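Visitor: This structure is in structure tokens; I'll ask about it shortly.
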Amino acid sequence: MAEATKTHVVILGAGVIGLTIAHVLTEGEGAERFKVTIVARDMPEDLSSQGFASPWAGANWSPMQYDERLHQWEKHTFDKLWDLIPTGQVLKLPSKIFFETDDAEGAAWWKDIVRDFHVLPAEFALPANTKCGVQFHTVSVDPGRYLLSLKSTLVRRGVEFKKQRVVSLNEVGAIAGIGGIVVNASSLGARSLIGVEDTKMYPIRGQTIAAYAPNAKEFITVIPNPPKPSDVMYLIPRPSSPPGMVLIGGTFEANNWDTSVDFATAKGILNRAKALVPALAEPETRILSHNVGLRPAREGGPRVEAEFVELPSKGELVPRLTEVADNSEPKKMLVVHAYGFGPAGYQQSWGAAEEAVRILKANL
Ligand code: FAD
């Protein structure tokens with residue numbers, strides 16, 4: 001198809017969501033209809049930037065809260081990641097979850113998503129204060145390797161990457177041009193992007209420790225009773241070469257924008273993890289880094305929907321970029337929003353991206 005007749009889709013955001021949407025758009029039937037550009041302040045190679053969430057994730061599939069819409073995305077994403085295990089990008093992860101309540105089977109609404117699920121036998125030596133547990137296989141990725149591999153596939157497919165901070169939808173609309181489409185995958189950026197200004201967006205601060213712990217081979221977490229939303233204990237082994245990289249968490253602090261490391265918190269995280277995973281106390285274990293990332297959460301859950309927005313929008317707060325943009329008559333542009341995935345952007349990525357692309361195509 002001639003370049004000039006393609007629909008230009010500009011995706012704002014190069015986190016796991018923007019990249020996965022670009023993947024879905026550029027594969028399969030109809031992919032040749034689209035020219036895709038990704039515009040973002042933080043790119044997959046900016047792995048130490050705290051300006052986006054994706055480098056700081058666990059990043060595994062683990063149960064959050066039941067919601068029918070998210071359940072479908074999570075099931076689909078799990079299957080997709082499971083199929084990627086042979087590529088080495090995804091680790092097949094033996095897992096245990098312990099509960100401080102005594103109904104393991106009832107608590108596990110997610111047992112049809114993971115593989116090899118069963119309740120631990122009564123004779124299993126449970127950790128202190130827990131009453132039951134379950135065992136299963138899940139998946140994890142190394143965020144850095146995974147994001148870079150998504151990007152390199154997209155580059156091979158002809159997707160262009162433009163590193164730029166934008167302040168308003170006008171700038172993205174101007175790049176898309178007449179007849180173009182914008183996908184807004186800007187996560188926490190949606191809060192202050194002029195033309196979106198979604199004040200339902202808020203951060204959930206997560207402090208973690210990355211470590212080399214070759215004998216900690218299982219995903220382990222405890223579900224407390226009553227729930228303690230701000231402190232969660234989890235250990236997630238990741239695919240690495242040589243094997244042995246783990247992420248130890250962590251905190252879950254809603255509305256906390258602080259991206260600095262708190263060492264009293266780090267001590268608490270390490271002590272809780274050591275009590276649960278004896279392999280962490282072995283001499284080979286080494287701390288590699290202390291991290292803080294902000295999960296891009298949204299009141300009411302993720303926003304994946306279409307909106308027709310009049311662009312360029314005008315007003316005294318809107319940056320005056322070019323005379324063309326300022327003088328041109330506003331036109332309705334299709335904007336597909338895909339943001340607000342909070343603590344679960346990886347585990348919902350493929351399901352949500354396919355829904356975003358379905359919505360985009362339905363509104364063409
Ligand atoms: P982001 O990764 O935040 O990317 C946003 C993109 O938009 C970036 O490229 C940014 O530069 C760009 N952008 C924003 N504003 C602008 C602007 N104005 N101009 C230009 N570009 C802009 N998820 C899981 O599924 N499993 C886990 O185990 C897991 N663990 C986590 C643990 C921690 C500690 C944290 C912090 C997160 C965890 N998450 C996990 C959540 C996951 O990281 C996020 O849900 C996911 O990364 C969100 O991806 P995103 O693409 O929506 O946003």
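Ligands are numbered from 1 in the order shown, residues from 1 within each chain, and chains are lettered A, B, ... in the order they appear in the structure tokens.
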Any residue with an atom at most 6 Å from ligand 1 counts, using only C-alpha atoms and all ligand atoms. Which are they? Put them as a PyMOL selection string.

Guide: chain A and resi 12-18+40-43+52-54+56-61+164-167+185-187+189+193+206-207+293-295+339+341-347

Visitor: Can you write out the residues you just picked, keeping N, CA and C atoms, as a tab-separated table (two decimals), in the first residue's frame?

Guide:
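Saved result, result.tsv, follows:
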chain	number	residue	atom	x	y	z
A	12	LEU	N	1.00	8.03	21.73
A	12	LEU	CA	1.71	8.81	22.75
A	12	LEU	C	2.02	7.87	23.91
A	13	GLY	N	3.31	7.52	24.08
A	13	GLY	CA	3.70	6.64	25.18
A	13	GLY	C	4.42	5.42	24.67
A	14	ALA	N	5.61	5.17	25.26
A	14	ALA	CA	6.42	4.00	24.87
A	14	ALA	C	6.64	3.10	26.07
A	15	GLY	N	5.63	3.03	26.97
A	15	GLY	CA	5.65	2.03	28.03
A	15	GLY	C	5.11	0.73	27.45
A	16	VAL	N	4.90	-0.24	28.33
A	16	VAL	CA	4.46	-1.56	27.83
A	16	VAL	C	3.13	-1.45	27.07
A	17	ILE	N	2.27	-0.50	27.44
A	17	ILE	CA	0.96	-0.41	26.78
A	17	ILE	C	1.09	0.18	25.38
A	18	GLY	N	1.79	1.32	25.24
A	18	GLY	CA	1.97	1.92	23.91
A	18	GLY	C	2.66	0.95	22.96
A	40	ALA	N	7.24	9.76	22.60
A	40	ALA	CA	7.30	9.61	24.06
A	40	ALA	C	8.50	10.35	24.63
A	41	ARG	N	8.32	10.79	25.84
A	41	ARG	CA	9.42	11.42	26.59
A	41	ARG	C	10.41	10.33	27.06
A	42	ASP	N	9.87	9.22	27.55
A	42	ASP	CA	10.71	8.11	28.04
A	42	ASP	C	10.59	6.96	27.05
A	43	MET	N	11.73	6.50	26.57
A	43	MET	CA	11.77	5.42	25.58
A	43	MET	C	12.19	4.12	26.27
A	52	PHE	N	8.49	7.03	33.94
A	52	PHE	CA	7.44	6.09	33.54
A	52	PHE	C	7.51	4.83	34.39
A	53	ALA	N	6.42	4.06	34.37
A	53	ALA	CA	6.29	2.93	35.30
A	53	ALA	C	6.97	1.67	34.80
A	54	SER	N	6.98	1.49	33.47
A	54	SER	CA	7.28	0.16	32.93
A	54	SER	C	8.62	-0.45	33.36
A	56	TRP	N	10.00	-0.47	36.15
A	56	TRP	CA	10.08	-0.77	37.59
A	56	TRP	C	9.17	-1.92	38.01
A	57	ALA	N	8.47	-2.49	37.05
A	57	ALA	CA	7.48	-3.53	37.39
A	57	ALA	C	8.14	-4.82	37.81
A	58	GLY	N	7.33	-5.70	38.41
A	58	GLY	CA	7.77	-7.00	38.91
A	58	GLY	C	8.53	-7.87	37.92
A	59	ALA	N	8.16	-8.16	36.77
A	59	ALA	CA	6.84	-7.97	36.20
A	59	ALA	C	6.30	-9.37	35.92
A	60	ASN	N	5.36	-9.79	36.76
A	60	ASN	CA	4.82	-11.14	36.58
A	60	ASN	C	3.31	-11.06	36.46
A	61	TRP	N	2.67	-12.20	36.26
A	61	TRP	CA	1.22	-12.27	36.36
A	61	TRP	C	0.92	-12.71	37.78
A	164	GLN	N	10.07	12.91	22.48
A	164	GLN	CA	9.59	14.29	22.64
A	164	GLN	C	8.62	14.34	23.82
A	165	ARG	N	8.76	15.36	24.65
A	165	ARG	CA	7.74	15.60	25.69
A	165	ARG	C	6.68	16.49	25.07
A	166	VAL	N	5.42	16.13	25.23
A	166	VAL	CA	4.37	17.01	24.73
A	166	VAL	C	3.56	17.54	25.91
A	167	VAL	N	2.93	18.69	25.67
A	167	VAL	CA	2.17	19.31	26.75
A	167	VAL	C	0.67	19.21	26.49
A	185	ALA	N	-1.51	6.64	25.25
A	185	ALA	CA	-1.04	5.63	26.21
A	185	ALA	C	-0.03	6.30	27.13
A	186	SER	N	-0.42	7.46	27.67
A	186	SER	CA	0.54	8.29	28.42
A	186	SER	C	0.49	8.06	29.92
A	187	SER	N	-0.25	7.10	30.38
A	187	SER	CA	-0.35	6.71	31.80
A	187	SER	C	-0.48	7.93	32.71
A	189	GLY	N	0.90	10.61	32.70
A	189	GLY	CA	0.95	11.84	31.92
A	189	GLY	C	-0.43	12.34	31.55
A	193	LEU	N	-1.92	16.27	30.65
A	193	LEU	CA	-1.88	16.49	29.19
A	193	LEU	C	-3.08	17.36	28.82
A	206	GLY	N	5.70	2.37	44.53
A	206	GLY	CA	6.19	1.02	44.83
A	206	GLY	C	7.69	1.04	45.02
A	207	GLN	N	8.13	0.75	46.25
A	207	GLN	CA	9.58	0.64	46.50
A	207	GLN	C	9.95	-0.84	46.49
A	293	GLY	N	9.16	3.07	41.80
A	293	GLY	CA	8.39	3.37	40.59
A	293	GLY	C	6.98	3.76	40.99
A	294	LEU	N	6.32	4.50	40.09
A	294	LEU	CA	4.94	4.94	40.37
A	294	LEU	C	3.97	4.18	39.47
A	295	ARG	N	3.08	3.40	40.08
A	295	ARG	CA	2.09	2.67	39.29
A	295	ARG	C	1.01	3.67	38.83
A	339	TYR	N	-5.01	3.99	29.09
A	339	TYR	CA	-4.13	4.31	30.21
A	339	TYR	C	-4.83	4.02	31.53
A	341	PHE	N	-3.48	1.65	34.02
A	341	PHE	CA	-3.43	0.22	34.32
A	341	PHE	C	-2.85	-0.10	35.70
A	342	GLY	N	-2.52	0.94	36.46
A	342	GLY	CA	-2.11	0.77	37.87
A	342	GLY	C	-1.07	-0.32	38.05
A	343	PRO	N	-1.38	-1.31	38.92
A	343	PRO	CA	-0.38	-2.33	39.25
A	343	PRO	C	-0.32	-3.49	38.26
A	344	ALA	N	-1.04	-3.40	37.13
A	344	ALA	CA	-1.22	-4.61	36.31
A	344	ALA	C	-1.02	-4.37	34.82
A	345	GLY	N	-0.20	-3.40	34.46
A	345	GLY	CA	-0.04	-3.07	33.03
A	345	GLY	C	0.54	-4.20	32.21
A	346	TYR	N	1.49	-4.95	32.78
A	346	TYR	CA	2.06	-6.07	32.00
A	346	TYR	C	1.03	-7.17	31.86
A	347	GLN	N	0.38	-7.51	32.95
A	347	GLN	CA	-0.50	-8.69	32.90
A	347	GLN	C	-1.82	-8.41	32.18

Visitor: Run DSSP on the backbone of this structure and report the residues of segment 214-317 of chain A it assigns to alpha helix (DSSP H), as number ranges by chain.

Guide: A: 263-276

Visitor: With distances taken over only C-alpha atoms, which of A:Ala122, A:Ala108, A:Met233, A:Ala190 is nearest to Ala275 of chain A?

Guide: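 Ranked by minimum distance to Ala275 of chain A, first place goes to A:Met233.
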
Visitor: With only C-alpha atoms as the atoms that count, which of A:Gly177, A:Pro296, A:Pro94, A:Gly315 lies nearest to Lys217 of chain A?

Guide: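 Using only C-alpha atoms, Lys217 of chain A sits closest to A:Pro94.
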
Visitor: Neighbours of Lys96 of chain A within 10 Å (only C-alpha atoms; same-chain residues fewer than 3 positions away dropped), as an MDAnalysis selection string?

Guide: chainID A and resid 93 117:120 133:138 218:222

Visitor: Grab the residues selected above and save them as a tab-separated table (two decimals), in the first residue's frame with N, CA and C atoms.

Guide:
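out_15.tsv, written as the output of this step:
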chain	number	residue	atom	x	y	z
A	93	LEU	N	7.13	-19.75	35.80
A	93	LEU	CA	7.50	-19.47	37.18
A	93	LEU	C	6.71	-20.30	38.20
A	117	PHE	N	-2.75	-25.36	38.86
A	117	PHE	CA	-3.20	-24.84	40.17
A	117	PHE	C	-3.62	-25.98	41.11
A	118	HIS	N	-3.14	-25.98	42.33
A	118	HIS	CA	-3.74	-26.81	43.37
A	118	HIS	C	-3.50	-26.24	44.77
A	119	VAL	N	-4.40	-26.65	45.66
A	119	VAL	CA	-4.30	-26.18	47.05
A	119	VAL	C	-3.21	-27.01	47.73
A	120	LEU	N	-2.38	-26.35	48.56
A	120	LEU	CA	-1.30	-27.09	49.26
A	120	LEU	C	-1.90	-28.07	50.26
A	133	GLY	N	-2.55	-22.32	51.64
A	133	GLY	CA	-1.78	-21.81	50.52
A	133	GLY	C	-2.11	-22.55	49.24
A	134	VAL	N	-1.69	-21.98	48.11
A	134	VAL	CA	-1.91	-22.63	46.81
A	134	VAL	C	-0.60	-22.60	46.03
A	135	GLN	N	-0.53	-23.53	45.07
A	135	GLN	CA	0.67	-23.68	44.27
A	135	GLN	C	0.25	-23.67	42.80
A	136	PHE	N	1.03	-23.08	41.93
A	136	PHE	CA	0.66	-23.03	40.51
A	136	PHE	C	1.88	-22.56	39.70
A	137	HIS	N	1.73	-22.47	38.39
A	137	HIS	CA	2.75	-21.85	37.56
A	137	HIS	C	2.21	-20.54	36.99
A	138	THR	N	3.03	-19.49	37.08
A	138	THR	CA	2.68	-18.24	36.41
A	138	THR	C	3.83	-17.86	35.47
A	218	GLU	N	11.11	-19.38	43.32
A	218	GLU	CA	9.64	-19.35	43.21
A	218	GLU	C	9.11	-17.94	43.43
A	219	PHE	N	7.99	-17.65	42.76
A	219	PHE	CA	7.22	-16.45	43.12
A	219	PHE	C	6.49	-16.77	44.42
A	220	ILE	N	6.69	-15.91	45.43
A	220	ILE	CA	6.06	-16.12	46.74
A	220	ILE	C	5.40	-14.83	47.17
A	221	THR	N	4.17	-14.92	47.64
A	221	THR	CA	3.56	-13.76	48.26
A	221	THR	C	2.59	-14.21	49.35
A	222	VAL	N	2.25	-13.27	50.22
A	222	VAL	CA	1.29	-13.56	51.29
A	222	VAL	C	0.13	-12.59	51.15

Visitor: Using only C-alpha atoms, which residues of segment 125-237 of chain A come within 12 Å of segment 283-290 of chain A, and what is the closest atom pair for each, with the distance in Å to one decimal? Give it as JSON lines, sorted by chain and residue number.

Guide:
{"residue": "A:Gly206", "atom": "CA", "partner": "A:His290", "partner_atom": "CA", "distance": 10.9}
{"residue": "A:Gln207", "atom": "CA", "partner": "A:His290", "partner_atom": "CA", "distance": 7.5}
{"residue": "A:Thr208", "atom": "CA", "partner": "A:His290", "partner_atom": "CA", "distance": 6.1}
{"residue": "A:Ile209", "atom": "CA", "partner": "A:His290", "partner_atom": "CA", "distance": 4.7}
{"residue": "A:Ala210", "atom": "CA", "partner": "A:Ser289", "partner_atom": "CA", "distance": 5.2}
{"residue": "A:Ala211", "atom": "CA", "partner": "A:Ile287", "partner_atom": "CA", "distance": 4.3}
{"residue": "A:Tyr212", "atom": "CA", "partner": "A:Arg286", "partner_atom": "CA", "distance": 5.2}
{"residue": "A:Ala213", "atom": "CA", "partner": "A:Thr285", "partner_atom": "CA", "distance": 4.5}
{"residue": "A:Pro214", "atom": "CA", "partner": "A:Thr285", "partner_atom": "CA", "distance": 7.2}
{"residue": "A:Asn215", "atom": "CA", "partner": "A:Thr285", "partner_atom": "CA", "distance": 8.5}
{"residue": "A:Ala216", "atom": "CA", "partner": "A:Thr285", "partner_atom": "CA", "distance": 9.2}

Visitor: Please produce an output containing C-alpha atoms for each residue in the selection, written as a compact mmCIF listing (two decimals), in the first residue's frame.

Guide:
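Now in again_20.txt:
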# COMPACT_ATOMS: atom_id res chain seq x y z
CA GLY A 206 6.19 1.02 44.83
CA GLN A 207 9.58 0.64 46.50
CA THR A 208 11.46 -2.59 45.68
CA ILE A 209 14.87 -4.26 45.87
CA ALA A 210 16.49 -6.02 42.91
CA ALA A 211 18.80 -8.85 43.98
CA TYR A 212 20.83 -11.79 42.76
CA ALA A 213 19.48 -14.77 44.71
CA PRO A 214 20.11 -17.92 42.66
CA ASN A 215 18.33 -20.25 45.07
CA ALA A 216 15.11 -18.23 45.35

Visitor: DSSP on the backbone, then: every residue of segment 31-212 of chain A marked strand (DSSP E), written as a PyMOL selection string.

Guide: chain A and resi 34-40+90-99+115-119+132-141+160-163+181-184+201-212

Visitor: Residues near Glu310 of chain A, anyone? I mean within 12 Å using only C-alpha atoms, not counting same-chain ones fewer than 2 positions away, as a PyMOL selection string.

Guide: chain A and resi 169-170+173+195-196+307-308+312-314+328-335

Visitor: Could you save the residues just selected, with C-alpha atoms, as a PDB file, in the first residue's frame?

Guide:
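Result written to out.pdb:
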ATOM      1  CA  LEU A 169      -2.997  16.786  22.537  1.00  0.00           C
ATOM      2  CA  ASN A 170      -2.492  19.491  19.868  1.00  0.00           C
ATOM      3  CA  GLY A 173      -2.571  15.699  16.650  1.00  0.00           C
ATOM      4  CA  GLY A 195      -6.986  18.124  26.175  1.00  0.00           C
ATOM      5  CA  VAL A 196      -7.205  15.090  28.485  1.00  0.00           C
ATOM      6  CA  GLU A 307     -13.200   9.975  21.966  1.00  0.00           C
ATOM      7  CA  PHE A 308     -13.562  12.460  19.103  1.00  0.00           C
ATOM      8  CA  PRO A 312      -6.284  22.088  17.753  1.00  0.00           C
ATOM      9  CA  SER A 313      -7.848  23.154  21.030  1.00  0.00           C
ATOM     10  CA  LYS A 314      -7.352  26.807  21.914  1.00  0.00           C
ATOM     11  CA  SER A 328      -6.274  26.226  11.574  1.00  0.00           C
ATOM     12  CA  GLU A 329      -9.979  25.459  11.982  1.00  0.00           C
ATOM     13  CA  PRO A 330     -10.565  22.826  14.688  1.00  0.00           C
ATOM     14  CA  LYS A 331     -11.383  19.366  13.274  1.00  0.00           C
ATOM     15  CA  LYS A 332     -12.600  16.274  15.098  1.00  0.00           C
ATOM     16  CA  MET A 333      -9.794  13.771  15.564  1.00  0.00           C
ATOM     17  CA  LEU A 334     -10.177  10.201  16.783  1.00  0.00           C
ATOM     18  CA  VAL A 335      -8.309   9.693  20.048  1.00  0.00           C
TER      19      VAL A 335
END

Visitor: Of the candidates A:Ser95, A:Gly301, A:Arg205, A:Leu148, which shows the shortest atom-to-atom distance to Tyr66 of chain A, using only C-alpha atoms?

Guide: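 Nearest candidate to Tyr66 of chain A out of A:Ser95, A:Gly301, A:Arg205, A:Leu148: A:Gly301.
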
Visitor: Select, from A:Ala22, A:Val232, A:Met201, A:Ile113, the residue with the minimum atom-to-atom distance to Arg157 of chain A, counting only C-alpha atoms.

Guide: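 Counting only C-alpha atoms, the residue closest to Arg157 of chain A is A:Ala22.
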